[in-house]
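Text of the file entry-v7.txt, holding compact mmCIF, N, CA and C atoms:
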# COMPACT_ATOMS: atom_id res chain seq x y z
N MET X 1372 -6.18 206.04 132.53
CA MET X 1372 -5.39 205.99 133.73
C MET X 1372 -4.00 205.47 133.37
N GLY X 1373 -3.00 205.87 134.16
CA GLY X 1373 -1.66 205.45 133.82
C GLY X 1373 -0.63 205.77 134.88
N VAL X 1374 0.61 205.49 134.51
CA VAL X 1374 1.76 205.73 135.36
C VAL X 1374 2.54 206.89 134.75
N LEU X 1375 2.81 207.92 135.54
CA LEU X 1375 3.61 209.07 135.11
C LEU X 1375 5.03 208.88 135.59
N ILE X 1376 5.97 208.95 134.65
CA ILE X 1376 7.39 208.91 135.00
C ILE X 1376 7.98 210.27 134.64
N ALA X 1377 8.58 210.93 135.62
CA ALA X 1377 9.23 212.21 135.39
C ALA X 1377 10.73 211.97 135.30
N VAL X 1378 11.33 212.30 134.15
CA VAL X 1378 12.77 212.11 133.97
C VAL X 1378 13.42 213.41 133.55
N SER X 1379 14.68 213.53 133.90
CA SER X 1379 15.49 214.63 133.39
C SER X 1379 16.76 214.02 132.83
N ASP X 1380 17.45 214.78 132.03
CA ASP X 1380 18.64 214.28 131.35
C ASP X 1380 19.79 214.21 132.35
N ASP X 1381 19.81 213.14 133.13
CA ASP X 1381 20.86 212.95 134.12
C ASP X 1381 21.25 211.48 134.15
N THR X 1382 22.11 211.12 135.06
CA THR X 1382 22.60 209.74 135.12
C THR X 1382 21.57 208.77 135.67
N GLN X 1383 20.50 209.25 136.24
CA GLN X 1383 19.52 208.39 136.90
C GLN X 1383 18.31 208.05 136.03
N PHE X 1384 18.16 208.67 134.88
CA PHE X 1384 16.92 208.53 134.13
C PHE X 1384 16.63 207.08 133.72
N GLU X 1385 17.66 206.30 133.38
CA GLU X 1385 17.42 204.92 132.96
C GLU X 1385 16.83 204.08 134.09
N THR X 1386 17.32 204.29 135.29
CA THR X 1386 16.81 203.55 136.45
C THR X 1386 15.36 203.93 136.73
N VAL X 1387 15.07 205.22 136.67
CA VAL X 1387 13.70 205.69 136.90
C VAL X 1387 12.77 205.12 135.83
N LEU X 1388 13.22 205.11 134.57
CA LEU X 1388 12.41 204.52 133.50
C LEU X 1388 12.16 203.03 133.74
N THR X 1389 13.19 202.30 134.13
CA THR X 1389 13.05 200.86 134.37
C THR X 1389 12.01 200.58 135.45
N VAL X 1390 12.08 201.30 136.55
CA VAL X 1390 11.11 201.11 137.63
C VAL X 1390 9.70 201.46 137.16
N GLY X 1391 9.56 202.57 136.46
CA GLY X 1391 8.25 202.99 135.96
C GLY X 1391 7.66 201.99 134.97
N VAL X 1392 8.49 201.49 134.07
CA VAL X 1392 8.00 200.50 133.09
C VAL X 1392 7.55 199.23 133.81
N GLN X 1393 8.31 198.76 134.78
CA GLN X 1393 7.92 197.57 135.54
C GLN X 1393 6.56 197.77 136.21
N LEU X 1394 6.34 198.94 136.78
CA LEU X 1394 5.05 199.24 137.41
C LEU X 1394 3.93 199.26 136.37
N ALA X 1395 4.15 199.95 135.26
CA ALA X 1395 3.11 200.07 134.24
C ALA X 1395 2.74 198.71 133.66
N VAL X 1396 3.74 197.89 133.38
CA VAL X 1396 3.47 196.55 132.84
C VAL X 1396 2.77 195.69 133.89
N GLY X 1397 3.26 195.72 135.10
CA GLY X 1397 2.65 194.92 136.18
C GLY X 1397 1.23 195.32 136.49
N LEU X 1398 0.92 196.59 136.35
CA LEU X 1398 -0.42 197.10 136.64
C LEU X 1398 -1.29 197.20 135.40
N SER X 1399 -0.74 196.83 134.24
CA SER X 1399 -1.43 196.96 132.94
C SER X 1399 -1.96 198.38 132.72
N GLN X 1400 -1.09 199.34 132.95
CA GLN X 1400 -1.45 200.75 132.82
C GLN X 1400 -0.69 201.39 131.66
N GLU X 1401 -1.25 202.45 131.11
CA GLU X 1401 -0.53 203.23 130.11
C GLU X 1401 0.62 203.96 130.80
N LEU X 1402 1.63 204.30 130.00
CA LEU X 1402 2.83 204.93 130.53
C LEU X 1402 2.96 206.33 129.94
N TYR X 1403 3.09 207.33 130.81
CA TYR X 1403 3.31 208.71 130.39
C TYR X 1403 4.67 209.13 130.91
N VAL X 1404 5.58 209.44 130.01
CA VAL X 1404 6.92 209.86 130.40
C VAL X 1404 7.04 211.35 130.11
N THR X 1405 7.38 212.10 131.13
CA THR X 1405 7.56 213.54 131.00
C THR X 1405 9.03 213.85 131.18
N HIS X 1406 9.64 214.41 130.14
CA HIS X 1406 11.03 214.86 130.24
C HIS X 1406 10.99 216.32 130.66
N ILE X 1407 11.49 216.57 131.82
CA ILE X 1407 11.46 217.91 132.39
C ILE X 1407 12.57 218.75 131.76
N THR X 1408 12.19 219.91 131.21
CA THR X 1408 13.17 220.80 130.61
C THR X 1408 13.21 222.13 131.37
N ALA X 1409 14.35 222.77 131.29
CA ALA X 1409 14.52 224.04 132.01
C ALA X 1409 14.09 225.25 131.20
N THR X 1410 13.96 225.09 129.89
CA THR X 1410 13.59 226.22 129.04
C THR X 1410 12.27 225.94 128.33
N GLU X 1411 11.58 227.00 127.95
CA GLU X 1411 10.29 226.84 127.29
C GLU X 1411 10.42 226.27 125.88
N THR X 1412 11.53 226.55 125.22
CA THR X 1412 11.78 226.01 123.88
C THR X 1412 12.81 224.91 124.01
N ALA X 1413 12.43 223.69 123.66
CA ALA X 1413 13.33 222.56 123.80
C ALA X 1413 14.51 222.68 122.84
N SER X 1414 15.69 222.46 123.36
CA SER X 1414 16.89 222.51 122.53
C SER X 1414 17.00 221.22 121.72
N GLY X 1415 17.93 221.22 120.79
CA GLY X 1415 18.18 220.01 120.00
C GLY X 1415 18.60 218.85 120.88
N ASP X 1416 19.41 219.12 121.91
CA ASP X 1416 19.83 218.07 122.84
C ASP X 1416 18.64 217.49 123.59
N GLU X 1417 17.73 218.36 124.03
CA GLU X 1417 16.55 217.89 124.76
C GLU X 1417 15.63 217.07 123.84
N GLN X 1418 15.50 217.49 122.60
CA GLN X 1418 14.69 216.72 121.65
C GLN X 1418 15.34 215.38 121.35
N ALA X 1419 16.66 215.36 121.24
CA ALA X 1419 17.38 214.10 121.00
C ALA X 1419 17.23 213.16 122.20
N PHE X 1420 17.28 213.72 123.41
CA PHE X 1420 17.09 212.91 124.61
C PHE X 1420 15.68 212.30 124.61
N ARG X 1421 14.68 213.10 124.29
CA ARG X 1421 13.30 212.61 124.21
C ARG X 1421 13.19 211.48 123.19
N ASP X 1422 13.83 211.65 122.05
CA ASP X 1422 13.80 210.61 121.03
C ASP X 1422 14.50 209.34 121.49
N ASN X 1423 15.60 209.49 122.25
CA ASN X 1423 16.28 208.32 122.82
C ASN X 1423 15.39 207.60 123.81
N VAL X 1424 14.66 208.35 124.62
CA VAL X 1424 13.74 207.74 125.58
C VAL X 1424 12.65 206.97 124.81
N ARG X 1425 12.10 207.59 123.78
CA ARG X 1425 11.08 206.91 122.97
C ARG X 1425 11.62 205.61 122.39
N GLU X 1426 12.83 205.68 121.86
CA GLU X 1426 13.46 204.48 121.26
C GLU X 1426 13.66 203.39 122.30
N SER X 1427 14.11 203.76 123.50
CA SER X 1427 14.34 202.75 124.54
C SER X 1427 13.05 202.12 125.03
N LEU X 1428 11.91 202.80 124.81
CA LEU X 1428 10.62 202.27 125.24
C LEU X 1428 9.83 201.64 124.09
N SER X 1429 10.44 201.51 122.92
CA SER X 1429 9.71 201.05 121.74
C SER X 1429 9.22 199.61 121.84
N ASP X 1430 9.84 198.79 122.68
CA ASP X 1430 9.43 197.39 122.80
C ASP X 1430 8.63 197.09 124.07
N VAL X 1431 8.18 198.12 124.76
CA VAL X 1431 7.39 197.96 125.98
C VAL X 1431 5.98 197.48 125.62
N ASP X 1432 5.42 196.61 126.45
CA ASP X 1432 4.12 196.00 126.16
C ASP X 1432 2.90 196.80 126.61
N VAL X 1433 3.06 198.07 126.86
CA VAL X 1433 1.94 198.94 127.23
C VAL X 1433 2.01 200.20 126.37
N PRO X 1434 0.89 200.88 126.17
CA PRO X 1434 0.94 202.14 125.42
C PRO X 1434 1.83 203.17 126.13
N VAL X 1435 2.65 203.88 125.33
CA VAL X 1435 3.61 204.83 125.89
C VAL X 1435 3.45 206.19 125.21
N GLU X 1436 3.46 207.24 126.00
CA GLU X 1436 3.47 208.61 125.48
C GLU X 1436 4.66 209.33 126.13
N VAL X 1437 5.52 209.92 125.31
CA VAL X 1437 6.69 210.63 125.81
C VAL X 1437 6.58 212.09 125.38
N ASP X 1438 6.66 213.00 126.35
CA ASP X 1438 6.53 214.43 126.07
C ASP X 1438 7.67 215.22 126.70
N LEU X 1439 7.97 216.34 126.09
CA LEU X 1439 8.83 217.35 126.71
C LEU X 1439 7.93 218.29 127.49
N GLU X 1440 8.30 218.61 128.70
CA GLU X 1440 7.47 219.48 129.52
C GLU X 1440 8.35 220.51 130.20
N HIS X 1441 8.10 221.77 129.89
CA HIS X 1441 8.84 222.85 130.56
C HIS X 1441 8.21 223.08 131.92
N LEU X 1442 9.02 222.96 132.95
CA LEU X 1442 8.57 223.26 134.30
C LEU X 1442 9.42 224.40 134.83
N SER X 1443 8.77 225.42 135.31
CA SER X 1443 9.47 226.62 135.75
C SER X 1443 10.29 226.34 137.00
N ARG X 1444 11.57 226.65 136.91
CA ARG X 1444 12.47 226.47 138.05
C ARG X 1444 12.88 227.81 138.64
N GLY X 1445 12.21 228.86 138.23
CA GLY X 1445 12.58 230.19 138.67
C GLY X 1445 12.30 230.44 140.13
N GLY X 1446 13.11 231.28 140.71
CA GLY X 1446 12.88 231.72 142.08
C GLY X 1446 13.41 230.76 143.13
N LEU X 1447 13.19 231.16 144.35
CA LEU X 1447 13.62 230.37 145.49
C LEU X 1447 12.76 229.11 145.60
N ARG X 1448 13.34 228.02 146.05
CA ARG X 1448 12.65 226.74 146.25
C ARG X 1448 12.15 226.18 144.91
N SER X 1449 13.04 226.17 143.92
CA SER X 1449 12.68 225.71 142.58
C SER X 1449 12.24 224.25 142.57
N GLY X 1450 12.83 223.41 143.41
CA GLY X 1450 12.41 222.01 143.48
C GLY X 1450 10.97 221.88 143.93
N THR X 1451 10.56 222.71 144.85
CA THR X 1451 9.18 222.72 145.32
C THR X 1451 8.24 223.12 144.18
N ALA X 1452 8.62 224.13 143.42
CA ALA X 1452 7.79 224.57 142.28
C ALA X 1452 7.65 223.47 141.25
N VAL X 1453 8.73 222.77 140.94
CA VAL X 1453 8.68 221.67 139.97
C VAL X 1453 7.77 220.56 140.48
N GLY X 1454 7.85 220.24 141.76
CA GLY X 1454 6.98 219.21 142.33
C GLY X 1454 5.51 219.55 142.19
N LYS X 1455 5.17 220.79 142.46
CA LYS X 1455 3.77 221.22 142.34
C LYS X 1455 3.29 221.15 140.89
N GLN X 1456 4.18 221.51 139.96
CA GLN X 1456 3.82 221.44 138.55
C GLN X 1456 3.66 219.99 138.08
N LEU X 1457 4.48 219.08 138.60
CA LEU X 1457 4.31 217.66 138.27
C LEU X 1457 2.96 217.15 138.77
N LEU X 1458 2.54 217.59 139.93
CA LEU X 1458 1.23 217.20 140.45
C LEU X 1458 0.11 217.69 139.55
N GLU X 1459 0.25 218.90 138.99
CA GLU X 1459 -0.75 219.41 138.05
C GLU X 1459 -0.81 218.54 136.79
N ILE X 1460 0.35 218.13 136.29
CA ILE X 1460 0.39 217.25 135.12
C ILE X 1460 -0.32 215.94 135.44
N ALA X 1461 -0.05 215.39 136.60
CA ALA X 1461 -0.68 214.13 137.00
C ALA X 1461 -2.20 214.26 137.07
N GLU X 1462 -2.67 215.37 137.59
CA GLU X 1462 -4.12 215.57 137.69
C GLU X 1462 -4.75 215.76 136.31
N ASP X 1463 -4.05 216.46 135.42
CA ASP X 1463 -4.58 216.74 134.08
C ASP X 1463 -4.64 215.50 133.19
N THR X 1464 -3.82 214.49 133.48
CA THR X 1464 -3.75 213.31 132.62
C THR X 1464 -4.27 212.05 133.30
N SER X 1465 -5.02 212.18 134.37
CA SER X 1465 -5.63 211.03 135.07
C SER X 1465 -4.61 209.94 135.41
N ILE X 1466 -3.62 210.31 136.18
CA ILE X 1466 -2.55 209.41 136.57
C ILE X 1466 -2.93 208.63 137.83
N ASP X 1467 -2.56 207.33 137.85
CA ASP X 1467 -2.80 206.47 139.01
C ASP X 1467 -1.56 206.28 139.88
N HIS X 1468 -0.39 206.58 139.32
CA HIS X 1468 0.87 206.35 140.04
C HIS X 1468 1.93 207.28 139.45
N ILE X 1469 2.81 207.80 140.29
CA ILE X 1469 3.89 208.68 139.84
C ILE X 1469 5.22 208.04 140.23
N VAL X 1470 6.18 208.08 139.29
CA VAL X 1470 7.53 207.59 139.54
C VAL X 1470 8.49 208.75 139.29
N ILE X 1471 9.34 209.01 140.26
CA ILE X 1471 10.26 210.15 140.18
C ILE X 1471 11.59 209.75 140.81
N GLY X 1472 12.66 210.30 140.31
CA GLY X 1472 13.98 210.05 140.87
C GLY X 1472 14.26 210.94 142.07
N HIS X 1473 15.30 210.58 142.82
CA HIS X 1473 15.68 211.36 143.99
C HIS X 1473 17.21 211.34 144.12
N ARG X 1474 17.77 212.51 144.29
CA ARG X 1474 19.20 212.65 144.58
C ARG X 1474 19.33 213.31 145.94
N SER X 1475 20.24 212.80 146.74
CA SER X 1475 20.47 213.39 148.05
C SER X 1475 21.00 214.80 147.88
N LYS X 1476 20.59 215.67 148.81
CA LYS X 1476 21.04 217.06 148.80
C LYS X 1476 21.55 217.41 150.18
N SER X 1477 22.40 218.43 150.22
CA SER X 1477 22.84 218.95 151.51
C SER X 1477 21.67 219.70 152.14
N ARG X 1478 21.78 219.95 153.42
CA ARG X 1478 20.71 220.69 154.10
C ARG X 1478 20.53 222.09 153.51
N LEU X 1479 21.62 222.73 153.18
CA LEU X 1479 21.54 224.07 152.60
C LEU X 1479 20.82 224.02 151.25
N SER X 1480 21.16 223.05 150.40
CA SER X 1480 20.49 222.93 149.11
C SER X 1480 19.01 222.65 149.27
N THR X 1481 18.67 221.81 150.24
CA THR X 1481 17.27 221.49 150.48
C THR X 1481 16.49 222.73 150.91
N VAL X 1482 17.07 223.53 151.79
CA VAL X 1482 16.40 224.75 152.25
C VAL X 1482 16.27 225.74 151.10
N ARG X 1483 17.33 225.88 150.31
CA ARG X 1483 17.34 226.85 149.21
C ARG X 1483 16.45 226.42 148.04
N GLU X 1484 16.49 225.13 147.67
CA GLU X 1484 15.82 224.67 146.46
C GLU X 1484 14.52 223.91 146.71
N GLY X 1485 14.34 223.36 147.91
CA GLY X 1485 13.21 222.48 148.14
C GLY X 1485 13.54 221.10 147.61
N HIS X 1486 12.60 220.19 147.75
CA HIS X 1486 12.83 218.82 147.31
C HIS X 1486 11.64 218.37 146.48
N THR X 1487 11.82 218.23 145.19
CA THR X 1487 10.75 217.86 144.27
C THR X 1487 10.05 216.58 144.72
N GLY X 1488 10.82 215.54 144.98
CA GLY X 1488 10.25 214.25 145.35
C GLY X 1488 9.42 214.31 146.62
N PHE X 1489 9.90 215.05 147.61
CA PHE X 1489 9.16 215.16 148.86
C PHE X 1489 7.84 215.88 148.66
N VAL X 1490 7.83 216.93 147.86
CA VAL X 1490 6.59 217.66 147.57
C VAL X 1490 5.59 216.74 146.89
N VAL X 1491 6.07 216.00 145.88
CA VAL X 1491 5.18 215.09 145.16
C VAL X 1491 4.64 214.02 146.10
N ALA X 1492 5.51 213.42 146.91
CA ALA X 1492 5.07 212.36 147.83
C ALA X 1492 4.08 212.87 148.87
N GLN X 1493 4.28 214.07 149.37
CA GLN X 1493 3.42 214.61 150.42
C GLN X 1493 2.07 215.07 149.89
N GLU X 1494 2.02 215.56 148.66
CA GLU X 1494 0.80 216.20 148.19
C GLU X 1494 0.04 215.43 147.13
N ALA X 1495 0.60 214.34 146.62
CA ALA X 1495 -0.06 213.57 145.56
C ALA X 1495 -1.28 212.84 146.10
N ALA X 1496 -2.29 212.74 145.25
CA ALA X 1496 -3.50 212.01 145.60
C ALA X 1496 -3.42 210.56 145.13
N VAL X 1497 -2.26 210.17 144.60
CA VAL X 1497 -2.03 208.81 144.10
C VAL X 1497 -0.72 208.30 144.70
N PRO X 1498 -0.48 206.98 144.63
CA PRO X 1498 0.80 206.46 145.13
C PRO X 1498 1.98 207.04 144.36
N VAL X 1499 3.10 207.20 145.06
CA VAL X 1499 4.32 207.76 144.47
C VAL X 1499 5.47 206.80 144.78
N THR X 1500 6.25 206.49 143.76
CA THR X 1500 7.48 205.73 143.94
C THR X 1500 8.63 206.67 143.70
N ILE X 1501 9.47 206.81 144.73
CA ILE X 1501 10.66 207.65 144.61
C ILE X 1501 11.86 206.71 144.49
N VAL X 1502 12.57 206.85 143.38
CA VAL X 1502 13.71 205.98 143.08
C VAL X 1502 14.98 206.68 143.52
N PRO X 1503 15.64 206.18 144.57
CA PRO X 1503 16.86 206.84 145.04
C PRO X 1503 18.02 206.64 144.07
N ASP X 1504 18.99 207.54 144.13
CA ASP X 1504 20.11 207.45 143.21
C ASP X 1504 21.01 206.25 143.46
N THR X 1505 20.81 205.53 144.55
CA THR X 1505 21.62 204.36 144.85
C THR X 1505 21.09 203.08 144.20
N VAL X 1506 19.88 203.12 143.63
CA VAL X 1506 19.30 201.95 142.97
C VAL X 1506 19.97 201.79 141.62
N GLU X 1507 20.31 200.56 141.28
CA GLU X 1507 20.92 200.29 139.98
C GLU X 1507 19.89 199.63 139.08
N SER X 1508 19.92 199.99 137.78
CA SER X 1508 18.95 199.40 136.86
C SER X 1508 19.42 198.09 136.30
Is it possible to give me this structure as structure tokens?
Amino acid sequence: MGVLIAVSDDTQFETVLTVGVQLAVGLSQELYVTHITATETASGDEQAFRDNVRESLSDVDVPVEVDLEHLSRGGLRSGTAVGKQLLEIAEDTSIDHIVIGHRSKSRLSTVREGHTGFVVAQEAAVPVTIVPDTVES
């Protein structure tokens, strides 16, 4: 059992990691970090980002697994598709808690893309922590 943290290479990933690590340590749970990628073959930049995440978690007091995970963003409502795929990852790895970031979107963007965090929060069978972009690490 563990805590799943979904991160992407953006300005919010450090805050999402910090919140997830605090939860995992406080709950004495293993930590699974999934770096969401847009392509099936990870680029050098994506691999470097994954390695940076691993390095930043090297002194954490719980077991940590960091993976690159391609999630399909194709088609309309791509955020909704990513949310559903994150839920599948959580089910496959026996997750007890999910931590995900959230960025505000315009109404048009929400209708067009969906909202990953909302899908995860509404459909997850485990508690979900959504870290808004206004939280500072």
Between atom CA of X:Glu1462 and atom CA of X:Ala1395, distance in Å (one decimal): 17.4 Å
Taking only C-alpha atoms into account, name the residue in X:Leu1458, X:Val1470, X:Met1372, X:Val1490 that is nearest to X:Leu1394.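 Once distances to X:Leu1394 are computed over only C-alpha atoms, the minimum belongs to X:Val1470.
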Could you list as number ranges by chain every residue that has an atom within 8 Å of (5.8, 200.8, 127.6), using the file's coordinates and counting only C-alpha atoms? X: 1392, 1395-1396, 1401-1402, 1428-1435
From X:Lys1455, X:His1406, X:His1468, X:Arg1421, residue lying nearest X:Val1497 [all atoms listed in the file]: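 Checking each of X:Lys1455, X:His1406, X:His1468, X:Arg1421 against X:Val1497, counting all atoms listed in the file, the winner is X:His1468.
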So that I can check the surroundings of X:Leu1457, please list as a PyMOL selection string every protein, DNA and RNA residue that reaches within 8 Å of it, counting only N, CA and C atoms and ignoring chain neighbours fewer than 5 positions away. chain X and resi 1377+1442+1451-1452+1462-1463+1491
Go ahead and write the selection's residues with N, CA and C atoms as a compact mmCIF listing (two decimals), in the frame of the given file.
# COMPACT_ATOMS: atom_id res chain seq x y z
N ALA X 1377 8.58 210.93 135.62
CA ALA X 1377 9.23 212.21 135.39
C ALA X 1377 10.73 211.97 135.30
N LEU X 1442 9.02 222.96 132.95
CA LEU X 1442 8.57 223.26 134.30
C LEU X 1442 9.42 224.40 134.83
N THR X 1451 10.56 222.71 144.85
CA THR X 1451 9.18 222.72 145.32
C THR X 1451 8.24 223.12 144.18
N ALA X 1452 8.62 224.13 143.42
CA ALA X 1452 7.79 224.57 142.28
C ALA X 1452 7.65 223.47 141.25
N GLU X 1462 -2.67 215.37 137.59
CA GLU X 1462 -4.12 215.57 137.69
C GLU X 1462 -4.75 215.76 136.31
N ASP X 1463 -4.05 216.46 135.42
CA ASP X 1463 -4.58 216.74 134.08
C ASP X 1463 -4.64 215.50 133.19
N VAL X 1491 6.07 216.00 145.88
CA VAL X 1491 5.18 215.09 145.16
C VAL X 1491 4.64 214.02 146.10
For a quick check of understanding, using all atoms listed in the file, which of X:Ser1465, X:Ser1414, X:Ser1427, X:Thr1487 has the smallest distance to X:Leu1375?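 Using all atoms listed in the file, the shortest distance to X:Leu1375 belongs to X:Ser1465.
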DSSP-assigned helix (DSSP H, G or I) members of chain X, reported as a ChimeraX atom specification: /X:1384-1398,1415-1427,1449-1463,1478-1484,1487-1494
Atomic separation - atom CA of X:Thr1389 relative to atom CA of X:Glu1426, Å: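 About the pair atom CA of X:Glu1426 and atom CA of X:Thr1389: they are 13.6 Å apart.
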Can you list, as a ChimeraX atom specification, every residue of chain X that DSSP puts in strand (DSSP E or B)? /X:1373-1378,1401-1408,1435-1441,1466-1473,1499-1503
Kindly indicate which residue among X:Asp1438, X:Asp1381, X:Val1390, X:Ala1419 lies nearest to X:Tyr1403, using all atoms listed in the file for the distances. X:Asp1438
Using only C-alpha atoms, pick whichever of X:Gln1418, X:Thr1412, X:Thr1500, X:Gln1493 has the shortest atom-to-atom distance to X:Gly1391.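 For X:Gly1391, the nearest of the given residues is X:Thr1500.
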Which residue out of X:Gly1397, X:Pro1503, X:Gly1373, X:Gly1454 has the minimum interatomic distance to X:Gly1472 when only C-alpha atoms are used?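 Ranking X:Gly1397, X:Pro1503, X:Gly1373, X:Gly1454 by distance to X:Gly1472, first place goes to X:Pro1503.
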So how far away is atom CA of X:Phe1489 from atom CA of X:Asp1422, in Å?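 Distance reported for this atom pair: 28.6 Å.
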Box for stretch 1418-1437 of chain X - axis-aligned, 6 Å on each of the six sides, all listed atoms - centre and size in Å to one decimal, as JSON.
{"center_x": 9.1, "center_y": 206.7, "center_z": 124.1, "size_x": 28.5, "size_y": 33.5, "size_z": 18.2}
